[in-house]
Structures are given as structure tokens and as C-alpha cells.
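Below is one structure, written out as C-alpha cells; the observations come after it.
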Amino acid sequence: MNAETNPALMNTRDLLAEVSARVLPDGLSIEQVDIEDLREQDVNPRSQDSQMFDQLVSNIKKMSALESVPLCAKVDGKMEIISGHHRIRAARNAGVTKILVLVYDGIERESVVAKQLAHNTIQGKDDPEL
């Protein structure tokens, strides 16, 4: 039995590449990364007050992981955050060292900025009845 016939024998990188190839469009993949290798954008149009951020850190500490996957891009050999700046900062504060991210590979700087703005402006609103 080998890694091709038994997923338990695959390493994490190979397994995530296999899953990505099966379920995601070309140019997009799921990767496990060292959180310190992620670069924030110079400008983030979203803000979060300290009480919300502290609650996010607390939630992540309880799970020792993120419960949603940030969106990143490989640009000039570096991994840049598109969406998930606060989650990644909170994970760092919570002591998490590796996370899963959704990654665009080979997109231009303009596309990174456009996607960041789109992710920060498209949002729902709370249902007052709930």
C-alpha cells in the first residue's frame, strides 16, 4: 500500500494538494502555512475594536485553531493576506503557529487589492427577528 492508494500515508501538503485539485478551480488551493510567513496588506479598510478582538483571541485559544479559512495570495514568492487579517492576528496572539488558508497562485497585485476590497465590502446584515 502506498500514499496514492491510502490517504493516511500522504503527508499534509500532498493531501491538501489532492483535495484542492479535486474541488477547487485552477489557481486556487488549500495550504497549511506557518502563520509567521503571512504578510498583511499595507492598508486594511476593516477595523475591529479591542473588545471584539480580545473575544476573537479567546475563541481561537479555546479551539487552538481558526474556524474559518482566510484567503491569501502568493505574490512575488510571498504569501499575502487578502481576507482574514483580524483572524490571523488573533491566531498569532492565541499562540497558533500553523493554519489552513485558501491561496490564489499567480495573480497580479491589482487583483489582490480588488479582492481585498470586494471581501471587505460584501457583507450581510443581522436579522432583527433572530
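Here, A, B, ... name the chains of the C-alpha cells in the order displayed, residue numbers run from 1 inside each chain, and ligands are numbered from 1 in the same displayed order.
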What lies within 9 Å of Ser68 of chain A using only C-alpha atoms, ignoring chain neighbours under 6 positions off, as a PyMOL selection string? chain A and resi 84+87+100-101
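Residues in contact with Met79 of chain A at 8 Å, where only C-alpha atoms are counted and same-chain residues fewer than 6 positions away are skipped, are listed as A:Asp37, A:Leu38, A:Arg39, A:Cys72, A:Ala73.
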May I have all residues of segment 14-121 of chain A that DSSP, computed from the backbone, assigns to alpha helix (DSSP H), given as JSON, numbers by chain? {"A": [14, 15, 16, 17, 18, 19, 20, 21, 22, 23, 50, 51, 52, 53, 54, 55, 56, 57, 58, 59, 60, 61, 62, 63, 85, 86, 87, 88, 89, 90, 91, 92, 93, 109, 110, 111, 112, 113, 114, 115, 116, 117, 118, 119, 120, 121]}
Residues from last step as file, N, CA and C atoms, as a short mmCIF file (atom, residue, chain, number, x, y, z; two decimals), in the first residue's frame:
data_model
loop_
_atom_site.label_atom_id
_atom_site.label_comp_id
_atom_site.auth_asym_id
_atom_site.auth_seq_id
_atom_site.Cartn_x
_atom_site.Cartn_y
_atom_site.Cartn_z
N ASP A 14 0.71 17.02 0.41
CA ASP A 14 0.20 16.23 -0.71
C ASP A 14 -1.30 16.02 -0.61
N LEU A 15 -1.79 15.76 0.59
CA LEU A 15 -3.22 15.54 0.78
C LEU A 15 -4.02 16.79 0.44
N LEU A 16 -3.55 17.95 0.90
CA LEU A 16 -4.24 19.20 0.59
C LEU A 16 -4.17 19.52 -0.90
N ALA A 17 -3.06 19.20 -1.55
CA ALA A 17 -2.95 19.40 -3.00
C ALA A 17 -3.94 18.51 -3.73
N GLU A 18 -4.08 17.28 -3.28
CA GLU A 18 -5.05 16.35 -3.88
C GLU A 18 -6.47 16.87 -3.72
N VAL A 19 -6.83 17.28 -2.52
CA VAL A 19 -8.17 17.82 -2.27
C VAL A 19 -8.40 19.07 -3.11
N SER A 20 -7.42 19.96 -3.15
CA SER A 20 -7.54 21.19 -3.93
C SER A 20 -7.79 20.89 -5.40
N ALA A 21 -7.04 19.94 -5.95
CA ALA A 21 -7.19 19.59 -7.36
C ALA A 21 -8.59 19.02 -7.65
N ARG A 22 -9.16 18.35 -6.68
CA ARG A 22 -10.48 17.74 -6.89
C ARG A 22 -11.64 18.72 -6.73
N VAL A 23 -11.50 19.72 -5.85
CA VAL A 23 -12.67 20.54 -5.54
C VAL A 23 -12.55 22.03 -5.86
N SER A 50 -11.05 46.74 20.31
CA SER A 50 -10.23 45.85 21.13
C SER A 50 -11.05 44.79 21.84
N GLN A 51 -12.28 45.10 22.24
CA GLN A 51 -13.12 44.12 22.91
C GLN A 51 -13.48 42.97 21.96
N MET A 52 -13.84 43.30 20.72
CA MET A 52 -14.14 42.26 19.73
C MET A 52 -12.90 41.42 19.44
N PHE A 53 -11.75 42.08 19.31
CA PHE A 53 -10.51 41.37 19.01
C PHE A 53 -10.16 40.43 20.16
N ASP A 54 -10.28 40.90 21.40
CA ASP A 54 -9.99 40.05 22.56
C ASP A 54 -10.91 38.84 22.60
N GLN A 55 -12.17 39.02 22.21
CA GLN A 55 -13.12 37.90 22.16
C GLN A 55 -12.70 36.90 21.08
N LEU A 56 -12.24 37.42 19.95
CA LEU A 56 -11.76 36.56 18.87
C LEU A 56 -10.56 35.75 19.32
N VAL A 57 -9.61 36.39 20.00
CA VAL A 57 -8.44 35.68 20.53
C VAL A 57 -8.89 34.58 21.49
N SER A 58 -9.81 34.89 22.38
CA SER A 58 -10.32 33.91 23.34
C SER A 58 -10.96 32.72 22.64
N ASN A 59 -11.78 32.99 21.64
CA ASN A 59 -12.43 31.91 20.89
C ASN A 59 -11.40 31.00 20.21
N ILE A 60 -10.39 31.61 19.62
CA ILE A 60 -9.36 30.83 18.92
C ILE A 60 -8.54 30.02 19.92
N LYS A 61 -8.24 30.61 21.08
CA LYS A 61 -7.50 29.86 22.11
C LYS A 61 -8.25 28.60 22.52
N LYS A 62 -9.56 28.71 22.66
CA LYS A 62 -10.38 27.55 23.07
C LYS A 62 -10.28 26.41 22.06
N MET A 63 -10.23 26.74 20.79
CA MET A 63 -10.19 25.72 19.73
C MET A 63 -8.77 25.37 19.31
N HIS A 85 -7.32 39.28 8.02
CA HIS A 85 -6.27 39.95 8.80
C HIS A 85 -6.50 39.83 10.31
N HIS A 86 -7.73 40.12 10.75
CA HIS A 86 -8.00 40.07 12.19
C HIS A 86 -7.93 38.65 12.72
N ARG A 87 -8.47 37.69 11.96
CA ARG A 87 -8.40 36.29 12.40
C ARG A 87 -6.95 35.83 12.53
N ILE A 88 -6.12 36.21 11.60
CA ILE A 88 -4.71 35.79 11.63
C ILE A 88 -3.97 36.48 12.78
N ARG A 89 -4.22 37.77 12.99
CA ARG A 89 -3.61 38.46 14.14
C ARG A 89 -4.04 37.80 15.45
N ALA A 90 -5.33 37.50 15.55
CA ALA A 90 -5.85 36.88 16.77
C ALA A 90 -5.25 35.48 16.96
N ALA A 91 -5.10 34.74 15.89
CA ALA A 91 -4.49 33.41 15.99
C ALA A 91 -3.05 33.52 16.48
N ARG A 92 -2.32 34.50 15.99
CA ARG A 92 -0.95 34.73 16.48
C ARG A 92 -0.98 34.99 17.99
N ASN A 93 -1.88 35.87 18.42
CA ASN A 93 -1.99 36.20 19.84
C ASN A 93 -2.41 35.00 20.67
N ARG A 109 -0.92 42.03 -8.51
CA ARG A 109 -1.12 42.93 -7.37
C ARG A 109 -2.49 43.59 -7.43
N GLU A 110 -2.90 44.05 -8.62
CA GLU A 110 -4.19 44.72 -8.76
C GLU A 110 -5.35 43.79 -8.37
N SER A 111 -5.21 42.51 -8.69
CA SER A 111 -6.26 41.54 -8.34
C SER A 111 -6.31 41.31 -6.83
N VAL A 112 -5.17 41.32 -6.18
CA VAL A 112 -5.13 41.16 -4.72
C VAL A 112 -5.89 42.31 -4.07
N VAL A 113 -5.61 43.53 -4.50
CA VAL A 113 -6.26 44.72 -3.93
C VAL A 113 -7.76 44.67 -4.22
N ALA A 114 -8.13 44.32 -5.45
CA ALA A 114 -9.55 44.27 -5.82
C ALA A 114 -10.29 43.22 -4.99
N LYS A 115 -9.67 42.06 -4.80
CA LYS A 115 -10.31 41.01 -4.00
C LYS A 115 -10.42 41.44 -2.53
N GLN A 116 -9.39 42.10 -2.01
CA GLN A 116 -9.45 42.56 -0.63
C GLN A 116 -10.60 43.55 -0.44
N LEU A 117 -10.72 44.49 -1.35
CA LEU A 117 -11.80 45.47 -1.25
C LEU A 117 -13.16 44.79 -1.38
N ALA A 118 -13.28 43.85 -2.30
CA ALA A 118 -14.55 43.14 -2.50
C ALA A 118 -14.93 42.35 -1.25
N HIS A 119 -13.98 41.66 -0.65
CA HIS A 119 -14.27 40.87 0.55
C HIS A 119 -14.65 41.75 1.73
N ASN A 120 -14.13 42.95 1.76
CA ASN A 120 -14.43 43.85 2.87
C ASN A 120 -15.71 44.64 2.68
N THR A 121 -16.24 44.68 1.47
CA THR A 121 -17.46 45.46 1.24
C THR A 121 -18.70 44.57 1.11
#
Using only C-alpha atoms, can you tell me which of A:Gln41, A:Ser64, A:Thr97, A:Gln32 comes closest to Ser83 of chain A? A:Gln41
Could you pull out all residues of segment 36-100 of chain A with a DSSP call of strand (DSSP E) and give them as a ChimeraX atom specification? /A:38-39,71-75,78-83,98-100
